[in-house]
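All remarks here apply to the structure that follows.
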Amino acid sequence: MRKFCLVLSFAFWVGIAANAQTNDLRSKIIEIAKESKGTVGVSILNLDTRDTLTYSGHLHLPMQSVMKFSIAITVLHEIDKGNFKLDQLIHIDKSDYWDTYSPLKDKHPDGNFNSPIRELLSYMVSLSDNVACDVLIKTLGGIDKVDTYIHSIGVQNVTFKATEFQMAQAWGVQYTNWAEVTGLTYLLDVAFKPSFLSPASHAYLWKIMRETSTGPKQIKGLLPPGTVVYHKTGRSGTNEQGITAATNDIGIITLPNGKHLAIAIFVSDTPVDMTARESIISRIAKAAYDEAVR
């Protein structure tokens, strides 16, 4: 009986310590989030221990280009079904262009060329190319195809209603593509499982996520050099009132012990500048990382 009591006591104090650490992390996130003068949503999920922490986790916040992760998943699912091939050529006409950020358009300013789906996925995810995104949406048959598929795999608290072109037409349209950050860490968790897609599709998805070059000062900003991060950013413009609707980053951080931490951080409807918004994201990510490796 005495030995049992000692074990129970040890477990009790371990639980107390774990709760204290979680509360400490939550307090740090709350203090950092105040600097936004807007809305911050955070969801953290350790994919191995299943520990979770959320802050404003169930608010509907605009995704912006974070939605491209879900579009990529949907395209790869269609490839696995045999409806497309990764090296299938897609024709891109100049009518697919508009005034937007697009390294693909910069490379082919006159349009009228063919690009393999593989390349379009890389441009869309790793470089956050808007033209590549909308070409892939058109190839799928519309944004509703993404909405239906993502809901079908159990992710209900996200909604896809507008293409990149449609979002560019009016400020309010971006809010129709919303997510709860808890839904995005759940999606990361589901998609990271090796059995989720075919081995080839799974490998390609996480290759282009690892190669993301946008937002280097966001989730990755304060992490130790060489930390492997698979992530997708999303950013809006700033309106005439000085409000930025979205500065977002979601991804999976590889910990020193080889385990993984899924994280989604959205900074929404804020008047602070880009430096401040990126600092909020990087410091929250670093606090979550430090807690996970403690």
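Note on naming: chains are A, B, ... as they come in the structure tokens, residues start from 1 per chain, ligands start from 1 in the order shown.
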Produce a table with one row for each residue of stretch 26-130 of chain A that has an atom at most 12 Å from any atom of stretch 251-263 of chain A, each row naming the nearest atom pair and its distance in Å at one decimal; use only C-alpha atoms; arrange rows by chain and rising residue number; format as CSV.
```
residue,atom,partner,partner_atom,distance
A:Gly41,CA,A:Ile263,CA,10.6
A:Val42,CA,A:Ile263,CA,7.4
A:Ser43,CA,A:Ile263,CA,5.7
A:Ile44,CA,A:Ile263,CA,4.6
A:Leu45,CA,A:Ala262,CA,5.1
A:Asn46,CA,A:Leu261,CA,4.5
A:Leu47,CA,A:His260,CA,5.6
A:Asp48,CA,A:Lys259,CA,6.3
A:Thr49,CA,A:Lys259,CA,8.9
A:Arg50,CA,A:Leu261,CA,9.3
A:Asp51,CA,A:Leu261,CA,9.5
A:Thr52,CA,A:Ala262,CA,9.5
A:Leu53,CA,A:Ile263,CA,9.6
A:Thr54,CA,A:Ile263,CA,9.7
A:Tyr55,CA,A:Ile263,CA,11.6
A:Gly57,CA,A:Ile263,CA,11.4
A:Val66,CA,A:Gly251,CA,9.8
A:Phe69,CA,A:Gly251,CA,9.8
```
Residues as selected, all heavy atoms, written as a tab-separated table (two decimals), in the first residue's frame, can you do that?
```tsv
chain	number	residue	atom	x	y	z
A	41	GLY	N	-5.56	34.03	-33.07
A	41	GLY	CA	-6.00	32.66	-32.82
A	41	GLY	C	-4.81	31.73	-32.85
A	41	GLY	O	-3.97	31.83	-33.74
A	42	VAL	N	-4.71	30.84	-31.87
A	42	VAL	CA	-3.58	29.92	-31.77
A	42	VAL	C	-4.10	28.52	-31.45
A	42	VAL	O	-4.95	28.35	-30.57
A	42	VAL	CB	-2.59	30.35	-30.66
A	42	VAL	CG1	-1.42	29.35	-30.58
A	42	VAL	CG2	-2.08	31.76	-30.90
A	43	SER	N	-3.58	27.54	-32.18
A	43	SER	CA	-3.86	26.14	-31.85
A	43	SER	C	-2.55	25.37	-31.94
A	43	SER	O	-1.82	25.50	-32.93
A	43	SER	CB	-4.89	25.55	-32.82
A	43	SER	OG	-5.13	24.19	-32.52
A	44	ILE	N	-2.26	24.60	-30.91
A	44	ILE	CA	-1.03	23.82	-30.84
A	44	ILE	C	-1.40	22.38	-30.51
A	44	ILE	O	-2.19	22.12	-29.60
A	44	ILE	CB	-0.09	24.38	-29.74
A	44	ILE	CG1	0.23	25.85	-30.00
A	44	ILE	CG2	1.20	23.55	-29.66
A	44	ILE	CD1	0.85	26.56	-28.80
A	45	LEU	N	-0.83	21.44	-31.27
A	45	LEU	CA	-1.09	20.02	-31.05
A	45	LEU	C	0.21	19.25	-31.21
A	45	LEU	O	0.82	19.27	-32.28
A	45	LEU	CB	-2.12	19.51	-32.07
A	45	LEU	CG	-2.30	17.99	-32.19
A	45	LEU	CD1	-2.81	17.40	-30.87
A	45	LEU	CD2	-3.24	17.65	-33.33
A	46	ASN	N	0.64	18.58	-30.13
A	46	ASN	CA	1.79	17.69	-30.23
A	46	ASN	C	1.30	16.39	-30.86
A	46	ASN	O	0.44	15.71	-30.30
A	46	ASN	CB	2.38	17.44	-28.84
A	46	ASN	CG	3.70	16.69	-28.90
A	46	ASN	OD1	3.78	15.62	-29.51
A	46	ASN	ND2	4.73	17.24	-28.27
A	47	LEU	N	1.83	16.07	-32.05
A	47	LEU	CA	1.32	14.93	-32.79
A	47	LEU	C	1.68	13.59	-32.14
A	47	LEU	O	1.09	12.56	-32.50
A	47	LEU	CB	1.85	14.95	-34.23
A	47	LEU	CG	1.51	16.19	-35.05
A	47	LEU	CD1	1.92	16.00	-36.50
A	47	LEU	CD2	0.03	16.54	-34.96
A	48	ASP	N	2.58	13.60	-31.19
A	48	ASP	CA	3.01	12.36	-30.53
A	48	ASP	C	2.39	12.20	-29.15
A	48	ASP	O	1.83	11.17	-28.83
A	48	ASP	CB	4.53	12.33	-30.47
A	48	ASP	CG	5.15	12.34	-31.86
A	48	ASP	OD1	5.22	11.26	-32.47
A	48	ASP	OD2	5.53	13.41	-32.34
A	49	THR	N	2.47	13.24	-28.33
A	49	THR	CA	1.89	13.15	-26.99
A	49	THR	C	0.40	13.46	-26.98
A	49	THR	O	-0.28	13.13	-26.02
A	49	THR	CB	2.59	14.12	-26.03
A	49	THR	OG1	2.29	15.47	-26.42
A	49	THR	CG2	4.10	13.91	-26.03
A	50	ARG	N	-0.09	14.14	-28.04
A	50	ARG	CA	-1.48	14.57	-28.19
A	50	ARG	C	-1.83	15.71	-27.25
A	50	ARG	O	-3.02	16.06	-27.10
A	50	ARG	CB	-2.49	13.41	-28.01
A	50	ARG	CG	-2.17	12.13	-28.76
A	50	ARG	CD	-1.91	12.37	-30.23
A	50	ARG	NE	-3.07	12.87	-30.95
A	50	ARG	CZ	-3.04	13.23	-32.23
A	50	ARG	NH1	-1.91	13.16	-32.91
A	50	ARG	NH2	-4.14	13.69	-32.81
A	51	ASP	N	-0.85	16.33	-26.61
A	51	ASP	CA	-1.10	17.51	-25.80
A	51	ASP	C	-1.60	18.64	-26.71
A	51	ASP	O	-1.12	18.81	-27.84
A	51	ASP	CB	0.17	17.96	-25.09
A	51	ASP	CG	0.60	17.01	-23.99
A	51	ASP	OD1	-0.26	16.26	-23.51
A	51	ASP	OD2	1.79	17.01	-23.62
A	52	THR	N	-2.55	19.41	-26.22
A	52	THR	CA	-3.10	20.51	-27.00
A	52	THR	C	-3.16	21.79	-26.18
A	52	THR	O	-3.22	21.76	-24.95
A	52	THR	CB	-4.53	20.20	-27.48
A	52	THR	OG1	-5.39	20.04	-26.33
A	52	THR	CG2	-4.57	18.93	-28.32
A	53	LEU	N	-3.17	22.90	-26.88
A	53	LEU	CA	-3.41	24.20	-26.27
A	53	LEU	C	-4.03	25.09	-27.33
A	53	LEU	O	-3.56	25.13	-28.47
A	53	LEU	CB	-2.12	24.83	-25.76
A	53	LEU	CG	-2.28	26.15	-24.96
A	53	LEU	CD1	-1.18	26.27	-23.91
A	53	LEU	CD2	-2.24	27.37	-25.87
A	54	THR	N	-5.10	25.77	-26.98
A	54	THR	CA	-5.74	26.69	-27.92
A	54	THR	C	-5.97	28.04	-27.25
A	54	THR	O	-6.15	28.13	-26.03
A	54	THR	CB	-7.09	26.16	-28.43
A	54	THR	OG1	-7.99	26.00	-27.32
A	54	THR	CG2	-6.92	24.83	-29.14
A	55	TYR	N	-5.96	29.04	-28.08
A	55	TYR	CA	-6.29	30.40	-27.64
A	55	TYR	C	-7.15	31.02	-28.74
A	55	TYR	O	-6.73	31.09	-29.90
A	55	TYR	CB	-5.01	31.22	-27.43
A	55	TYR	CG	-5.25	32.68	-27.13
A	55	TYR	CD1	-5.72	33.08	-25.88
A	55	TYR	CD2	-5.04	33.65	-28.10
A	55	TYR	CE1	-5.95	34.42	-25.59
A	55	TYR	CE2	-5.26	35.00	-27.82
A	55	TYR	CZ	-5.72	35.37	-26.58
A	55	TYR	OH	-5.97	36.71	-26.30
A	57	GLY	N	-9.46	29.59	-30.16
A	57	GLY	CA	-9.37	28.52	-31.13
A	57	GLY	C	-10.60	28.31	-31.99
A	57	GLY	O	-10.52	27.63	-33.01
A	66	VAL	N	-3.41	30.48	-46.68
A	66	VAL	CA	-3.37	29.22	-45.94
A	66	VAL	C	-4.27	28.19	-46.61
A	66	VAL	O	-4.03	26.99	-46.55
A	66	VAL	CB	-3.77	29.44	-44.46
A	66	VAL	CG1	-4.14	28.14	-43.78
A	66	VAL	CG2	-2.61	30.11	-43.71
A	69	PHE	N	-2.96	25.08	-48.84
A	69	PHE	CA	-2.61	23.77	-48.30
A	69	PHE	C	-3.74	22.79	-48.56
A	69	PHE	O	-3.53	21.66	-49.02
A	69	PHE	CB	-2.32	23.89	-46.80
A	69	PHE	CG	-2.09	22.58	-46.09
A	69	PHE	CD1	-1.06	21.74	-46.45
A	69	PHE	CD2	-2.91	22.22	-45.03
A	69	PHE	CE1	-0.84	20.54	-45.79
A	69	PHE	CE2	-2.70	21.02	-44.35
A	69	PHE	CZ	-1.66	20.17	-44.74
```
Run DSSP on the backbone and grab whatever in stretch 18-83 of chain A lands in strand (DSSP E); send it over as a ChimeraX atom specification.
/A:39-46,52-55,61-62
Saved selection, atoms kept: all heavy atoms, as a tab-separated table (two decimals), in the first residue's frame:
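Contents of the output file selection.tsv:
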```tsv
chain	number	residue	atom	x	y	z
A	39	THR	N	-7.14	40.54	-33.27
A	39	THR	CA	-7.52	39.18	-32.87
A	39	THR	C	-6.41	38.20	-33.21
A	39	THR	O	-5.90	38.22	-34.33
A	39	THR	CB	-8.82	38.75	-33.58
A	39	THR	OG1	-9.86	39.68	-33.27
A	39	THR	CG2	-9.24	37.35	-33.15
A	40	VAL	N	-6.08	37.37	-32.26
A	40	VAL	CA	-5.07	36.33	-32.49
A	40	VAL	C	-5.69	34.98	-32.15
A	40	VAL	O	-6.29	34.82	-31.08
A	40	VAL	CB	-3.81	36.56	-31.63
A	40	VAL	CG1	-2.84	35.39	-31.78
A	40	VAL	CG2	-3.13	37.86	-32.03
A	41	GLY	N	-5.56	34.03	-33.07
A	41	GLY	CA	-6.00	32.66	-32.82
A	41	GLY	C	-4.81	31.73	-32.85
A	41	GLY	O	-3.97	31.83	-33.74
A	42	VAL	N	-4.71	30.84	-31.87
A	42	VAL	CA	-3.58	29.92	-31.77
A	42	VAL	C	-4.10	28.52	-31.45
A	42	VAL	O	-4.95	28.35	-30.57
A	42	VAL	CB	-2.59	30.35	-30.66
A	42	VAL	CG1	-1.42	29.35	-30.58
A	42	VAL	CG2	-2.08	31.76	-30.90
A	43	SER	N	-3.58	27.54	-32.18
A	43	SER	CA	-3.86	26.14	-31.85
A	43	SER	C	-2.55	25.37	-31.94
A	43	SER	O	-1.82	25.50	-32.93
A	43	SER	CB	-4.89	25.55	-32.82
A	43	SER	OG	-5.13	24.19	-32.52
A	44	ILE	N	-2.26	24.60	-30.91
A	44	ILE	CA	-1.03	23.82	-30.84
A	44	ILE	C	-1.40	22.38	-30.51
A	44	ILE	O	-2.19	22.12	-29.60
A	44	ILE	CB	-0.09	24.38	-29.74
A	44	ILE	CG1	0.23	25.85	-30.00
A	44	ILE	CG2	1.20	23.55	-29.66
A	44	ILE	CD1	0.85	26.56	-28.80
A	45	LEU	N	-0.83	21.44	-31.27
A	45	LEU	CA	-1.09	20.02	-31.05
A	45	LEU	C	0.21	19.25	-31.21
A	45	LEU	O	0.82	19.27	-32.28
A	45	LEU	CB	-2.12	19.51	-32.07
A	45	LEU	CG	-2.30	17.99	-32.19
A	45	LEU	CD1	-2.81	17.40	-30.87
A	45	LEU	CD2	-3.24	17.65	-33.33
A	46	ASN	N	0.64	18.58	-30.13
A	46	ASN	CA	1.79	17.69	-30.23
A	46	ASN	C	1.30	16.39	-30.86
A	46	ASN	O	0.44	15.71	-30.30
A	46	ASN	CB	2.38	17.44	-28.84
A	46	ASN	CG	3.70	16.69	-28.90
A	46	ASN	OD1	3.78	15.62	-29.51
A	46	ASN	ND2	4.73	17.24	-28.27
A	52	THR	N	-2.55	19.41	-26.22
A	52	THR	CA	-3.10	20.51	-27.00
A	52	THR	C	-3.16	21.79	-26.18
A	52	THR	O	-3.22	21.76	-24.95
A	52	THR	CB	-4.53	20.20	-27.48
A	52	THR	OG1	-5.39	20.04	-26.33
A	52	THR	CG2	-4.57	18.93	-28.32
A	53	LEU	N	-3.17	22.90	-26.88
A	53	LEU	CA	-3.41	24.20	-26.27
A	53	LEU	C	-4.03	25.09	-27.33
A	53	LEU	O	-3.56	25.13	-28.47
A	53	LEU	CB	-2.12	24.83	-25.76
A	53	LEU	CG	-2.28	26.15	-24.96
A	53	LEU	CD1	-1.18	26.27	-23.91
A	53	LEU	CD2	-2.24	27.37	-25.87
A	54	THR	N	-5.10	25.77	-26.98
A	54	THR	CA	-5.74	26.69	-27.92
A	54	THR	C	-5.97	28.04	-27.25
A	54	THR	O	-6.15	28.13	-26.03
A	54	THR	CB	-7.09	26.16	-28.43
A	54	THR	OG1	-7.99	26.00	-27.32
A	54	THR	CG2	-6.92	24.83	-29.14
A	55	TYR	N	-5.96	29.04	-28.08
A	55	TYR	CA	-6.29	30.40	-27.64
A	55	TYR	C	-7.15	31.02	-28.74
A	55	TYR	O	-6.73	31.09	-29.90
A	55	TYR	CB	-5.01	31.22	-27.43
A	55	TYR	CG	-5.25	32.68	-27.13
A	55	TYR	CD1	-5.72	33.08	-25.88
A	55	TYR	CD2	-5.04	33.65	-28.10
A	55	TYR	CE1	-5.95	34.42	-25.59
A	55	TYR	CE2	-5.26	35.00	-27.82
A	55	TYR	CZ	-5.72	35.37	-26.58
A	55	TYR	OH	-5.97	36.71	-26.30
A	61	LEU	N	-11.76	32.99	-38.58
A	61	LEU	CA	-10.77	33.97	-39.01
A	61	LEU	C	-10.41	33.75	-40.48
A	61	LEU	O	-10.39	32.61	-40.95
A	61	LEU	CB	-9.51	33.85	-38.14
A	61	LEU	CG	-9.74	33.99	-36.63
A	61	LEU	CD1	-8.43	33.78	-35.88
A	61	LEU	CD2	-10.34	35.36	-36.29
A	62	PRO	N	-10.13	34.82	-41.23
A	62	PRO	CA	-9.84	34.67	-42.66
A	62	PRO	C	-8.53	33.94	-42.90
A	62	PRO	O	-7.51	34.26	-42.31
A	62	PRO	CB	-9.79	36.12	-43.16
A	62	PRO	CG	-9.45	36.94	-41.94
A	62	PRO	CD	-10.09	36.23	-40.79
```
Can you check which parts of stretch 116-173 of chain A lie within 9 Å of stretch 71-84 of chain A? Per residue, the shortest pair of atoms and distance in Å to one decimal, counting only C-alpha atoms, sorted by chain and number, as JSON lines.
```
{"residue": "A:Ile117", "atom": "CA", "partner": "A:Phe84", "partner_atom": "CA", "distance": 8.6}
{"residue": "A:Leu121", "atom": "CA", "partner": "A:Ala72", "partner_atom": "CA", "distance": 6.4}
{"residue": "A:Met124", "atom": "CA", "partner": "A:Ala72", "partner_atom": "CA", "distance": 8.1}
{"residue": "A:Val125", "atom": "CA", "partner": "A:Ala72", "partner_atom": "CA", "distance": 7.5}
{"residue": "A:Cys133", "atom": "CA", "partner": "A:Ile71", "partner_atom": "CA", "distance": 7.9}
{"residue": "A:Leu136", "atom": "CA", "partner": "A:Val75", "partner_atom": "CA", "distance": 7.6}
{"residue": "A:Ile137", "atom": "CA", "partner": "A:Ile71", "partner_atom": "CA", "distance": 7.3}
{"residue": "A:Thr139", "atom": "CA", "partner": "A:Val75", "partner_atom": "CA", "distance": 8.8}
{"residue": "A:Leu140", "atom": "CA", "partner": "A:Val75", "partner_atom": "CA", "distance": 7.0}
{"residue": "A:Ile143", "atom": "CA", "partner": "A:Ile71", "partner_atom": "CA", "distance": 8.4}
{"residue": "A:Lys145", "atom": "CA", "partner": "A:Thr74", "partner_atom": "CA", "distance": 7.9}
{"residue": "A:Val146", "atom": "CA", "partner": "A:Thr74", "partner_atom": "CA", "distance": 6.0}
{"residue": "A:Tyr149", "atom": "CA", "partner": "A:Thr74", "partner_atom": "CA", "distance": 6.7}
{"residue": "A:Ile150", "atom": "CA", "partner": "A:Thr74", "partner_atom": "CA", "distance": 7.5}
```
Please identify all polymer residues within 8 Å of stretch 279-287 of chain A, counting only C-alpha atoms, omitting same-chain residues fewer than 5 positions from it, and present them as a PyMOL selection string.
chain A and resi 25+28-29+32-33+35-36+217-223+248-249+263+265-267
Which residue out of A:Thr275, A:Lys138, A:Asp269, A:Val293 has the minimum interatomic distance to A:Lys37 when only C-alpha atoms are used?
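Once distances to A:Lys37 are computed over only C-alpha atoms, the minimum belongs to A:Asp269.
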Need the shell around A:Glu119: protein/DNA/RNA residues with any atom at most 9 Å away, counting only C-alpha atoms. Skip same-chain ones fewer than 4 positions apart. Format as a list in words?
Leu86, Asp87, Ser115, Tyr123, Met124 and Ala132 of chain A
Determine the nearest neighbour of A:Ser122 from the options A:Glu180, A:Thr163, A:Ala264, A:Lys232, counting only C-alpha atoms.
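Of all the options, A:Lys232 lies closest to A:Ser122.
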May I ask for the distance between atom CA of A:Val135 and atom CA of A:Glu278, given in Å to one decimal place?
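Taking atom CA of A:Val135 as the start and atom CA of A:Glu278 as the end point, the length is 29.2 Å.
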